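Coordinates from protein15.cif are shown below (mmCIF, C-alpha atoms).
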```cif
data_structure
loop_
_atom_site.label_atom_id
_atom_site.label_comp_id
_atom_site.auth_asym_id
_atom_site.auth_seq_id
_atom_site.Cartn_x
_atom_site.Cartn_y
_atom_site.Cartn_z
CA MET A 1 16.40 -2.70 -9.82
CA ALA A 2 15.22 -0.50 -7.02
CA ARG A 3 12.61 -1.53 -4.49
CA ILE A 4 9.73 0.94 -4.73
CA VAL A 5 8.00 1.49 -1.38
CA VAL A 6 4.84 3.58 -1.03
CA VAL A 7 4.01 5.19 2.32
CA THR A 8 0.25 5.48 2.39
CA SER A 9 -2.73 5.62 4.76
CA GLY A 10 -5.93 7.00 3.28
CA LYS A 11 -6.50 9.30 6.21
CA GLY A 12 -4.59 12.56 6.50
CA GLY A 13 -2.48 13.65 9.43
CA VAL A 14 -1.52 10.18 10.62
CA GLY A 15 2.21 10.53 9.92
CA LYS A 16 2.87 9.59 6.29
CA THR A 17 5.38 12.35 5.65
CA THR A 18 7.00 11.92 9.06
CA THR A 19 7.34 8.20 8.31
CA SER A 20 8.57 8.74 4.72
CA SER A 21 11.28 11.16 5.84
CA SER A 22 12.53 9.01 8.71
CA PHE A 23 12.27 5.78 6.72
CA ALA A 24 14.23 7.19 3.77
CA THR A 25 16.81 8.76 6.09
CA GLY A 26 17.18 5.49 7.98
CA LEU A 27 17.75 3.51 4.77
CA ALA A 28 20.37 6.02 3.61
CA ARG A 29 22.06 6.02 7.03
CA ARG A 30 22.46 2.25 6.68
CA GLY A 31 24.26 2.79 3.39
CA HIS A 32 21.47 2.30 0.87
CA LYS A 33 21.13 4.82 -1.91
CA THR A 34 17.63 6.15 -1.50
CA ALA A 35 15.32 8.63 -3.23
CA VAL A 36 12.18 9.96 -1.55
CA ILE A 37 9.44 11.49 -3.71
CA ASP A 38 6.61 13.77 -2.61
CA PHE A 39 3.43 12.86 -4.53
CA ASP A 40 1.31 15.53 -2.84
CA VAL A 41 1.18 17.91 -5.79
CA GLY A 42 -0.20 21.28 -4.74
CA LEU A 43 0.38 20.68 -1.03
CA ARG A 44 4.02 19.73 -0.76
CA ASN A 45 5.48 19.24 2.69
CA LEU A 46 8.17 16.61 2.50
CA ASP A 47 10.76 19.30 1.65
CA LEU A 48 9.90 21.10 4.91
CA ILE A 49 10.15 17.96 7.03
CA MET A 50 13.47 17.09 5.37
CA GLY A 51 14.69 20.66 5.83
CA CYS A 52 15.45 21.37 2.17
CA GLU A 53 12.58 23.72 1.27
CA ARG A 54 14.91 26.53 0.25
CA ARG A 55 16.80 24.38 -2.20
CA VAL A 56 13.84 23.34 -4.36
CA VAL A 57 14.35 24.65 -7.88
CA TYR A 58 12.75 22.01 -10.07
CA ASP A 59 10.16 19.49 -8.95
CA PHE A 60 8.55 16.15 -9.83
CA VAL A 61 6.07 17.70 -12.29
CA ASN A 62 8.87 19.56 -14.09
CA VAL A 63 10.58 16.22 -14.64
CA ILE A 64 7.38 14.53 -15.83
CA ASN A 65 6.78 17.41 -18.28
CA LYS A 66 10.43 17.24 -19.37
CA GLU A 67 11.04 20.85 -18.35
CA ALA A 68 13.96 19.63 -16.25
CA ASN A 69 15.91 16.41 -16.02
CA LEU A 70 16.17 14.24 -12.93
CA GLN A 71 19.68 15.38 -12.06
CA GLN A 72 18.46 18.98 -11.91
CA ALA A 73 15.41 18.18 -9.81
CA LEU A 74 16.88 15.74 -7.28
CA ILE A 75 17.99 17.52 -4.10
CA ARG A 76 20.88 15.92 -2.27
CA ASP A 77 20.33 15.68 1.48
CA LYS A 78 22.71 17.74 3.62
CA ARG A 79 23.24 14.92 6.12
CA PHE A 80 23.62 11.84 3.90
CA GLU A 81 25.16 11.94 0.48
CA ASN A 82 23.27 8.86 -0.72
CA LEU A 83 19.85 10.38 0.07
CA TYR A 84 17.94 12.46 -2.47
CA ILE A 85 14.62 14.28 -2.35
CA LEU A 86 12.29 14.93 -5.26
CA ALA A 87 9.86 17.66 -4.22
CA ALA A 88 6.25 17.98 -5.36
CA SER A 89 5.11 20.94 -7.35
CA GLN A 90 3.40 23.60 -5.30
CA THR A 91 1.41 25.25 -8.05
CA ARG A 92 0.01 22.64 -10.38
CA ASP A 93 -2.96 20.41 -9.85
CA LYS A 94 -2.86 16.66 -9.43
CA ASP A 95 -3.70 15.92 -13.06
CA ALA A 96 -0.08 16.76 -13.84
CA LEU A 97 0.81 13.27 -12.57
CA THR A 98 0.24 10.91 -15.47
CA GLN A 99 0.69 7.17 -15.14
CA ALA A 100 3.14 7.09 -18.06
CA GLY A 101 5.08 10.09 -16.74
CA VAL A 102 5.37 8.69 -13.22
CA GLY A 103 6.39 5.33 -14.66
CA ARG A 104 9.13 6.91 -16.75
CA VAL A 105 10.59 8.84 -13.78
CA LEU A 106 10.51 5.76 -11.52
CA GLU A 107 12.15 3.66 -14.20
CA GLU A 108 14.94 6.17 -14.59
CA LEU A 109 15.44 6.38 -10.81
CA SER A 110 15.45 2.58 -10.56
CA LYS A 111 18.66 2.37 -12.54
CA ASP A 112 20.56 4.40 -9.99
CA PHE A 113 18.87 3.87 -6.62
CA GLU A 114 18.35 0.94 -4.27
CA PHE A 115 15.19 2.27 -2.70
CA ILE A 116 12.54 4.68 -3.93
CA VAL A 117 10.17 5.88 -1.22
CA CYS A 118 6.89 7.35 -2.49
CA ASP A 119 5.24 9.69 0.02
CA SER A 120 1.54 9.48 -0.82
CA PRO A 121 -0.95 12.29 -0.31
CA ALA A 122 -4.01 11.62 1.87
CA GLY A 123 -7.21 10.41 0.25
CA ILE A 124 -7.68 7.99 -2.63
CA GLU A 125 -7.63 10.48 -5.49
CA LYS A 126 -5.19 10.61 -8.37
CA GLY A 127 -2.04 11.55 -6.41
CA ALA A 128 -2.54 8.69 -3.96
CA MET A 129 -3.30 6.20 -6.73
CA MET A 130 -0.20 7.27 -8.66
CA ALA A 131 1.97 6.96 -5.55
CA MET A 132 0.89 3.33 -5.05
CA TYR A 133 0.58 2.20 -8.67
CA TYR A 134 4.18 1.12 -9.28
CA ALA A 135 4.98 0.04 -5.70
CA ASP A 136 6.57 -3.29 -4.78
CA GLU A 137 5.90 -2.79 -1.09
CA ALA A 138 3.70 -0.56 1.04
CA LEU A 139 4.00 0.95 4.50
CA VAL A 140 0.43 1.47 5.68
CA VAL A 141 0.55 4.15 8.35
CA THR A 142 -2.26 3.85 10.87
CA ASN A 143 -3.21 5.61 14.10
CA PRO A 144 -4.89 3.39 16.73
CA GLU A 145 -8.19 5.12 16.13
CA VAL A 146 -11.37 4.05 14.31
CA SER A 147 -11.35 6.38 11.30
CA SER A 148 -7.68 5.76 10.54
CA VAL A 149 -8.05 1.97 10.77
CA ARG A 150 -11.08 1.98 8.50
CA ASP A 151 -9.28 4.14 5.92
CA SER A 152 -6.23 1.88 6.07
CA ASP A 153 -8.42 -1.10 5.32
CA ARG A 154 -9.82 0.74 2.32
CA VAL A 155 -6.31 1.52 1.11
CA LEU A 156 -5.30 -2.14 1.52
CA GLY A 157 -8.20 -3.02 -0.78
CA LEU A 158 -6.85 -0.59 -3.38
CA LEU A 159 -3.29 -1.91 -3.04
CA ASP A 160 -4.67 -5.37 -3.79
CA SER A 161 -6.65 -4.30 -6.84
CA LYS A 162 -5.55 -1.01 -8.43
CA THR A 163 -1.78 -1.36 -8.70
CA GLN A 164 0.48 -2.63 -11.43
CA ARG A 165 1.34 -5.70 -9.39
CA ALA A 166 -2.33 -6.45 -8.77
CA GLU A 167 -3.01 -6.13 -12.50
CA LYS A 168 -0.25 -8.67 -13.18
CA GLY A 169 -1.71 -10.99 -10.54
CA GLU A 170 1.19 -10.35 -8.14
CA LYS A 171 0.98 -9.21 -4.58
CA ILE A 172 2.33 -6.03 -2.99
CA LYS A 173 4.10 -6.70 0.30
CA GLU A 174 2.14 -4.73 2.89
CA HIS A 175 3.60 -3.60 6.21
CA LEU A 176 1.68 -2.09 9.10
CA VAL A 177 3.14 0.98 10.82
CA VAL A 178 1.19 2.09 13.90
CA THR A 179 1.96 5.68 14.82
CA ARG A 180 1.06 8.02 17.72
CA TYR A 181 0.81 5.03 20.02
CA SER A 182 0.23 5.57 23.70
CA ALA A 183 0.96 2.41 25.70
CA GLU A 184 -0.50 4.07 28.80
CA ARG A 185 -3.86 4.72 27.16
CA VAL A 186 -3.88 1.17 25.78
CA ALA A 187 -3.30 -0.13 29.31
CA GLN A 188 -6.25 1.97 30.47
CA GLY A 189 -8.40 0.41 27.77
CA GLU A 190 -8.85 3.75 26.06
CA MET A 191 -6.91 3.05 22.90
CA LEU A 192 -6.86 0.18 20.42
CA SER A 193 -3.81 -1.96 21.04
CA VAL A 194 -1.35 -2.79 18.31
CA GLU A 195 -2.67 -6.39 18.41
CA ASP A 196 -6.21 -5.09 17.86
CA VAL A 197 -5.16 -3.05 14.84
CA GLY A 198 -3.16 -6.00 13.49
CA ASP A 199 -6.16 -8.34 13.96
CA ILE A 200 -8.48 -6.03 12.11
CA LEU A 201 -6.20 -5.24 9.18
CA SER A 202 -4.47 -8.66 9.14
CA ILE A 203 -1.13 -7.50 7.77
CA GLN A 204 2.36 -7.91 9.17
CA LEU A 205 3.41 -5.34 11.79
CA LEU A 206 6.61 -3.53 10.87
CA GLY A 207 6.82 -0.92 13.60
CA VAL A 208 5.07 0.94 16.40
CA ILE A 209 5.96 4.60 16.83
CA PRO A 210 5.07 6.02 20.25
CA GLU A 211 3.29 9.36 20.57
CA SER A 212 6.08 11.83 21.13
CA GLN A 213 6.74 15.54 21.48
CA ASP A 214 9.93 15.04 19.49
CA VAL A 215 8.01 14.62 16.23
CA LEU A 216 6.80 18.22 16.36
CA ASN A 217 10.15 19.48 17.58
CA SER A 218 12.05 17.86 14.76
CA SER A 219 9.57 18.98 12.12
CA ASN A 220 10.01 22.53 13.43
CA ALA A 221 13.71 22.14 12.81
CA GLY A 222 13.45 20.32 9.47
CA THR A 223 15.21 17.22 10.78
CA PRO A 224 13.67 13.75 10.39
CA VAL A 225 12.88 12.44 13.87
CA ILE A 226 14.99 9.32 13.28
CA MET A 227 18.03 11.62 13.70
CA GLU A 228 17.10 12.19 17.36
CA GLU A 229 19.08 9.57 19.25
CA GLU A 230 17.43 10.43 22.54
CA SER A 231 13.89 10.18 21.23
CA ASN A 232 11.68 7.09 21.61
CA ALA A 233 10.01 7.92 18.30
CA GLY A 234 13.42 8.22 16.63
CA LEU A 235 14.57 4.89 18.11
CA ALA A 236 11.33 3.24 17.04
CA TYR A 237 11.89 4.43 13.47
CA ASP A 238 15.44 3.09 13.56
CA ASP A 239 14.07 -0.31 14.67
CA LEU A 240 11.50 -0.15 11.88
CA VAL A 241 14.16 0.42 9.22
CA ALA A 242 16.32 -2.40 10.62
CA ARG A 243 13.34 -4.77 10.56
CA PHE A 244 12.49 -3.71 7.02
CA LEU A 245 16.03 -4.68 6.01
CA GLY A 246 15.60 -8.09 7.58
CA GLU A 247 17.03 -7.62 11.06
CA ASP A 248 15.18 -9.26 13.92
CA ARG A 249 14.38 -6.60 16.50
CA PRO A 250 11.78 -6.85 19.27
CA HIS A 251 9.11 -4.15 19.39
CA ARG A 252 9.72 -1.49 22.00
CA PHE A 253 7.51 1.16 23.61
CA ILE A 254 4.37 -0.96 23.47
CA GLN A 255 4.24 -1.74 27.21
CA ALA A 256 3.06 0.91 29.62
CA GLU A 257 5.68 1.73 32.22
CA LYS A 258 4.56 0.07 35.41
CA LYS A 259 3.70 2.48 38.16
CA GLY A 260 4.63 1.48 41.64
CA PHE A 261 2.30 1.82 44.60
CA PHE A 262 3.40 5.38 45.12
CA GLY A 263 2.93 6.25 41.45
CA ARG A 264 -0.60 4.91 41.42
CA PHE A 265 -1.35 6.78 44.59
CA MET A 266 -0.19 10.06 43.15
CA GLY A 267 -2.53 9.77 40.19
CA ARG A 268 -2.10 9.30 36.53
CA MET B 1 -8.93 10.04 42.26
CA ASP B 2 -11.28 8.55 44.83
CA TRP B 3 -10.57 5.60 47.11
CA ALA B 4 -13.00 3.25 45.41
CA SER B 5 -11.38 3.59 42.02
CA PHE B 6 -7.97 3.08 43.59
CA PHE B 7 -8.88 -0.45 44.58
CA ARG B 8 -10.96 -1.33 41.52
CA ARG B 9 -9.31 -2.79 38.48
CA PRO B 10 -9.39 -0.34 35.60
CA GLN B 11 -12.79 -0.73 33.98
CA LYS B 12 -13.31 -1.86 30.42
CA GLY B 13 -12.53 1.19 28.33
CA SER B 14 -13.74 2.42 24.99
CA ALA B 15 -11.05 0.54 23.05
CA SER B 16 -13.03 -2.71 23.03
CA LEU B 17 -16.01 -0.83 21.66
CA ALA B 18 -13.80 0.61 18.92
CA LYS B 19 -12.57 -2.86 18.02
CA GLU B 20 -16.06 -4.34 17.81
CA ARG B 21 -17.27 -1.51 15.60
CA LEU B 22 -14.25 -1.74 13.33
CA GLN B 23 -14.59 -5.48 12.86
CA VAL B 24 -18.13 -4.97 11.57
CA ILE B 25 -17.17 -2.06 9.31
CA VAL B 26 -14.15 -3.81 7.86
CA ALA B 27 -16.01 -7.06 7.21
CA HIS B 28 -18.59 -5.06 5.28
CA GLN B 29 -16.01 -3.02 3.46
CA ARG B 30 -14.30 -6.16 2.25
CA THR B 31 -17.37 -8.05 1.04
CA GLY B 32 -19.16 -4.96 -0.17
CA MET B 33 -16.45 -3.62 -2.49
CA SER B 34 -18.99 -3.16 -5.27
CA ASP B 35 -17.07 -4.95 -8.03
CA HIS B 36 -14.93 -7.75 -6.73
CA PRO B 37 -14.79 -9.22 -3.26
CA ASP B 38 -11.95 -11.68 -3.44
CA TYR B 39 -14.12 -14.81 -3.37
CA PHE B 40 -16.03 -13.73 -6.51
CA PRO B 41 -13.79 -15.29 -9.14
CA LYS B 42 -13.87 -18.65 -7.35
CA LEU B 43 -17.62 -18.46 -6.82
CA GLN B 44 -17.99 -17.65 -10.50
CA ARG B 45 -15.91 -20.66 -11.53
CA ASP B 46 -17.79 -23.00 -9.23
CA LEU B 47 -21.14 -21.77 -10.48
CA LEU B 48 -20.06 -22.27 -14.07
CA LYS B 49 -19.03 -25.81 -13.25
CA VAL B 50 -22.43 -26.60 -11.75
CA ILE B 51 -24.37 -24.98 -14.57
CA ARG B 52 -22.34 -26.87 -17.16
CA LYS B 53 -23.50 -30.13 -15.68
CA TYR B 54 -26.85 -29.28 -17.23
CA VAL B 55 -26.34 -26.66 -19.93
CA GLN B 56 -23.36 -25.76 -22.08
CA VAL B 57 -22.73 -22.06 -21.51
CA ASN B 58 -20.01 -19.55 -22.33
CA ASP B 59 -17.32 -18.52 -19.87
CA ASP B 60 -18.93 -15.10 -19.48
CA ALA B 61 -22.41 -16.49 -18.88
CA VAL B 62 -22.31 -15.98 -15.12
CA ARG B 63 -22.24 -12.47 -13.73
CA ILE B 64 -22.28 -11.66 -10.05
CA GLU B 65 -23.09 -8.33 -8.47
CA VAL B 66 -23.58 -7.10 -4.93
CA GLU B 67 -26.19 -4.46 -4.35
CA ARG B 68 -26.80 -2.59 -1.15
CA ASP B 69 -30.16 -1.35 -0.14
CA HIS B 70 -30.48 0.26 3.28
CA ASP B 71 -30.36 -2.67 5.72
CA MET B 72 -30.15 -5.39 3.07
CA ASP B 73 -27.31 -6.72 0.93
CA LEU B 74 -28.33 -8.41 -2.28
CA LEU B 75 -26.18 -10.93 -4.10
CA GLU B 76 -27.34 -10.85 -7.69
CA LEU B 77 -26.60 -13.71 -10.06
CA ASN B 78 -27.10 -13.19 -13.74
CA ILE B 79 -26.92 -16.36 -15.77
CA THR B 80 -27.17 -16.10 -19.52
CA LEU B 81 -28.37 -19.29 -21.18
CA PRO B 82 -27.94 -19.94 -24.89
CA GLU B 83 -31.13 -19.79 -26.92
CA LEU B 84 -31.20 -23.50 -27.53
CA ALA B 85 -29.43 -25.57 -24.97
CA ALA B 86 -28.51 -28.20 -27.57
CA VAL B 87 -26.86 -25.75 -29.97
CA PRO B 88 -23.25 -24.90 -29.17
CA PRO B 89 -22.90 -21.21 -28.37
CA THR B 90 -22.32 -18.97 -31.38
CA PRO B 91 -21.86 -15.20 -31.50
CA ALA B 92 -25.39 -14.91 -32.89
CA ALA B 93 -26.84 -16.90 -30.02
CA ARG B 94 -25.08 -14.68 -27.55
CA LYS B 95 -26.68 -11.57 -28.97
CA SER B 96 -30.20 -12.69 -28.10
CA PRO B 97 -29.85 -14.48 -24.82
CA THR B 98 -32.47 -15.62 -22.45
CA THR B 99 -31.72 -14.32 -19.03
CA ARG B 100 -32.65 -15.87 -15.79
CA ASN B 101 -32.36 -13.65 -12.85
CA ALA B 102 -31.74 -15.25 -9.51
CA ARG B 103 -31.71 -13.03 -6.49
CA LYS B 104 -30.87 -14.05 -3.03
CA ALA B 105 -30.78 -11.95 0.06
CA ARG B 106 -27.50 -12.30 1.93
CA GLY B 107 -29.05 -11.19 5.13
CA ALA B 108 -29.87 -8.05 7.05
CA ARG B 109 -27.04 -5.94 8.38
#
```
Would you put the structure from the file into structure tokens?
Amino acid sequence: MARIVVVTSGKGGVGKTTTSSSFATGLARRGHKTAVIDFDVGLRNLDLIMGCERRVVYDFVNVINKEANLQQALIRDKRFENLYILAASQTRDKDALTQAGVGRVLEELSKDFEFIVCDSPAGIEKGAMMAMYYADEALVVTNPEVSSVRDSDRVLGLLDSKTQRAEKGEKIKEHLVVTRYSAERVAQGEMLSVEDVGDILSIQLLGVIPESQDVLNSSNAGTPVIMEEESNAGLAYDDLVARFLGEDRPHRFIQAEKKGFFGRFMGR
Amino acid sequence: MDWASFFRRPQKGSASLAKERLQVIVAHQRTGMSDHPDYFPKLQRDLLKVIRKYVQVNDDAVRIEVERDHDMDLLELNITLPELAAVPPTPAARKSPTTRNARKARGAR
């Protein structure tokens, strides 16, 4: 049986798709057969971030409606042969995702894959609820910023009440992923620290991704940022995947680089 | 950058303000989830236990609701007593219940 992991946040623009693409790529790179599904029907983007937008023929909704089978709709990643992408439909509305249909597709994928990563749309409407419903675990992506933290807390409430596991009286394993983190601004007292966010949401921290120019650069190129060996954000995602798989890795990039006397003198 | 700020420790920034505000919001969000804050089932069980010391009531006799009204949160308890306390509850008795409404203010926000 596959482990189904939803990447969710409530708020938009915090890095769900960036996280989904790097997380799935990282799992595949470590040898785990992984499928990543875009649940954002009508506003698909995962294909762009993964760099396979020109190879989408059939999508998730086609499979749910039995207009195509899974083998036709799954796109094999160019970089890793054990990584597959299932794109969202661009034209249909979110009602196309039915609970039974999503369940059937996930069940079929479960036979063949080790991990299924569900990239949730923003908000708490149907697409987001469908993305989390069958999940075993959740990556809750949060920016160190008030509206994002509040929305994450709301989503945690939904994970604990509106999912299949919750209905069975079981718990979803929830992991905190703090993105766009600026250790310098935290040191200045201008940004919530990762401890603050952890205190407020009271879930286990899985990874801290530093604010980085490389995220935009790699999305421009259609390459998940985890592929960038020189990038702090890429390295942080690699740590995150290792930790998810049970490795013990210390958190990096959460301390501001200390400025010497000269550095302080020259300004910030 | 002026000389004074060079020697001062960095002042308390806006992050602590953000944290304080979030702690209040999140606490409210968790207790105020209209249907079921997580302590409700236990509260319900405990209330049933107490009530049954005095009256034999059905499992569904205690209903709890949270209502919000501007600067006030109301915890509403709805306890349905059987028509005659001595008679064991029957479907007929449940159809015409006597309802006692107990309201208690949980405190101003």
**Message:** Please enumerate the residues selected by the PyMOL selection byres ((chain A and resi 141) around 12) when evaluated against the supplied file, formatted as number ranges by chain.
**Reply:** A: 6-20, 23, 119-122, 138-140, 142-145, 148-153, 155-156, 174-181, 197-198, 201, 203, 205-209
**Selection result of the PyMOL selection byres ((chain B) within 6 of (chain A)) on this file, as a list in words** =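 Against this file, the PyMOL selection byres ((chain B) within 6 of (chain A)) returns the residues Gly13, Ser14 and Ala15 of chain B.
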**Asked** So how far away is atom CA of B:Asn78 from atom CA of B:Ala61, in Å?
**Response** 7.7 Å
**Complete:** From atom CA of A:Ser219 to atom CA of A:Ile49 the spacing works out at 5.2 Å
**Request:** Calculate how many Å separate atom CA of A:Ala88 from atom CA of A:Ile37, rounding to one decimal.
**Result:**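 Atom CA of A:Ile37 lies at a distance of 7.4 Å from atom CA of A:Ala88.
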Find the residues around A:Cys52 up to 12 Å (only C-alpha atoms counted), leave out those fewer than 6 positions away in its own chain, and share them as a CSV table (one decimal) with C-alpha atoms, in the frame of the given file.
```
chain,number,residue,atom,x,y,z
A,21,SER,CA,11.3,11.2,5.8
A,44,ARG,CA,4.0,19.7,-0.8
A,45,ASN,CA,5.5,19.2,2.7
A,46,LEU,CA,8.2,16.6,2.5
A,74,LEU,CA,16.9,15.7,-7.3
A,75,ILE,CA,18.0,17.5,-4.1
A,76,ARG,CA,20.9,15.9,-2.3
A,77,ASP,CA,20.3,15.7,1.5
A,78,LYS,CA,22.7,17.7,3.6
A,79,ARG,CA,23.2,14.9,6.1
A,84,TYR,CA,17.9,12.5,-2.5
A,85,ILE,CA,14.6,14.3,-2.4
A,86,LEU,CA,12.3,14.9,-5.3
A,87,ALA,CA,9.9,17.7,-4.2
A,219,SER,CA,9.6,19.0,12.1
A,221,ALA,CA,13.7,22.1,12.8
A,222,GLY,CA,13.4,20.3,9.5
A,223,THR,CA,15.2,17.2,10.8
A,224,PRO,CA,13.7,13.8,10.4
```
**Message:** Here is a test: counting only C-alpha atoms, which residue of A:Val105, A:Val56, A:Ala68, A:Cys118 is nearest to A:Asp40?
**Reply:**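 Of A:Val105, A:Val56, A:Ala68, A:Cys118, the one nearest A:Asp40, counting only C-alpha atoms, is A:Cys118.
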**Prompt:** Using only C-alpha atoms, which residues sit within 10 Å of A:Pro210 once same-chain residues fewer than 3 positions away are excluded, as a ChimeraX atom specification?
**Reply:** /A:178-183,207,213,215,231-237,252-254
Write out the residues from the selection above, keeping C-alpha atoms, as a PDB file, in the coordinates of the input.
```
ATOM      1  CA  VAL A 178       1.190   2.090  13.900  1.00  0.00           C
ATOM      2  CA  THR A 179       1.960   5.680  14.820  1.00  0.00           C
ATOM      3  CA  ARG A 180       1.060   8.020  17.720  1.00  0.00           C
ATOM      4  CA  TYR A 181       0.810   5.030  20.020  1.00  0.00           C
ATOM      5  CA  SER A 182       0.230   5.570  23.700  1.00  0.00           C
ATOM      6  CA  ALA A 183       0.960   2.410  25.700  1.00  0.00           C
ATOM      7  CA  GLY A 207       6.820  -0.920  13.600  1.00  0.00           C
ATOM      8  CA  GLN A 213       6.740  15.540  21.480  1.00  0.00           C
ATOM      9  CA  VAL A 215       8.010  14.620  16.230  1.00  0.00           C
ATOM     10  CA  SER A 231      13.890  10.180  21.230  1.00  0.00           C
ATOM     11  CA  ASN A 232      11.680   7.090  21.610  1.00  0.00           C
ATOM     12  CA  ALA A 233      10.010   7.920  18.300  1.00  0.00           C
ATOM     13  CA  GLY A 234      13.420   8.220  16.630  1.00  0.00           C
ATOM     14  CA  LEU A 235      14.570   4.890  18.110  1.00  0.00           C
ATOM     15  CA  ALA A 236      11.330   3.240  17.040  1.00  0.00           C
ATOM     16  CA  TYR A 237      11.890   4.430  13.470  1.00  0.00           C
ATOM     17  CA  ARG A 252       9.720  -1.490  22.000  1.00  0.00           C
ATOM     18  CA  PHE A 253       7.510   1.160  23.610  1.00  0.00           C
ATOM     19  CA  ILE A 254       4.370  -0.960  23.470  1.00  0.00           C
TER      20      ILE A 254
END
```
**Asked** For this file, the PyMOL selection byres ((chain B and resi 43-45) around 12) selects which residues, as a VMD selection string?
**Response** chain B and resid 36 to 42 46 to 52 58 to 65 75 to 79
**Item:** Option closest in space to A:Leu245, from A:Val41, A:Phe115, A:Ser212, A:Ile64 [counting all atoms listed in the file]
**Value:**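 The answer is A:Phe115, which sits nearest to A:Leu245.
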**Asked** If you count all atoms listed in the file, which residues fall within 10 Å of A:Lys126, apart from same-chain ones fewer than 4 positions away, as a count of residues only?
**Response** 11
**Message:** Measuring between all atoms listed in the file, which one of B:Asp73, B:Glu20, B:Glu83, B:Glu67 shows the shortest distance to B:Val55?
**Reply:**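 Closest candidate: B:Glu83.
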**Prompt:** Hey, which of A:Ala242, A:Thr25, A:Met1, A:Arg249 ends up closest to A:Val225? Count all atoms listed in the file.
**Reply:**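 Checking each candidate against A:Val225, we get A:Thr25 as the closest.
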**Request:** Name the closest residue to A:Glu230 among the candidates A:Phe80, A:Asp214, A:Glu108, A:Ala256; distances are taken between atoms, counting all atoms listed in the file.
**Result:**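 The closest residue to A:Glu230 is A:Asp214.
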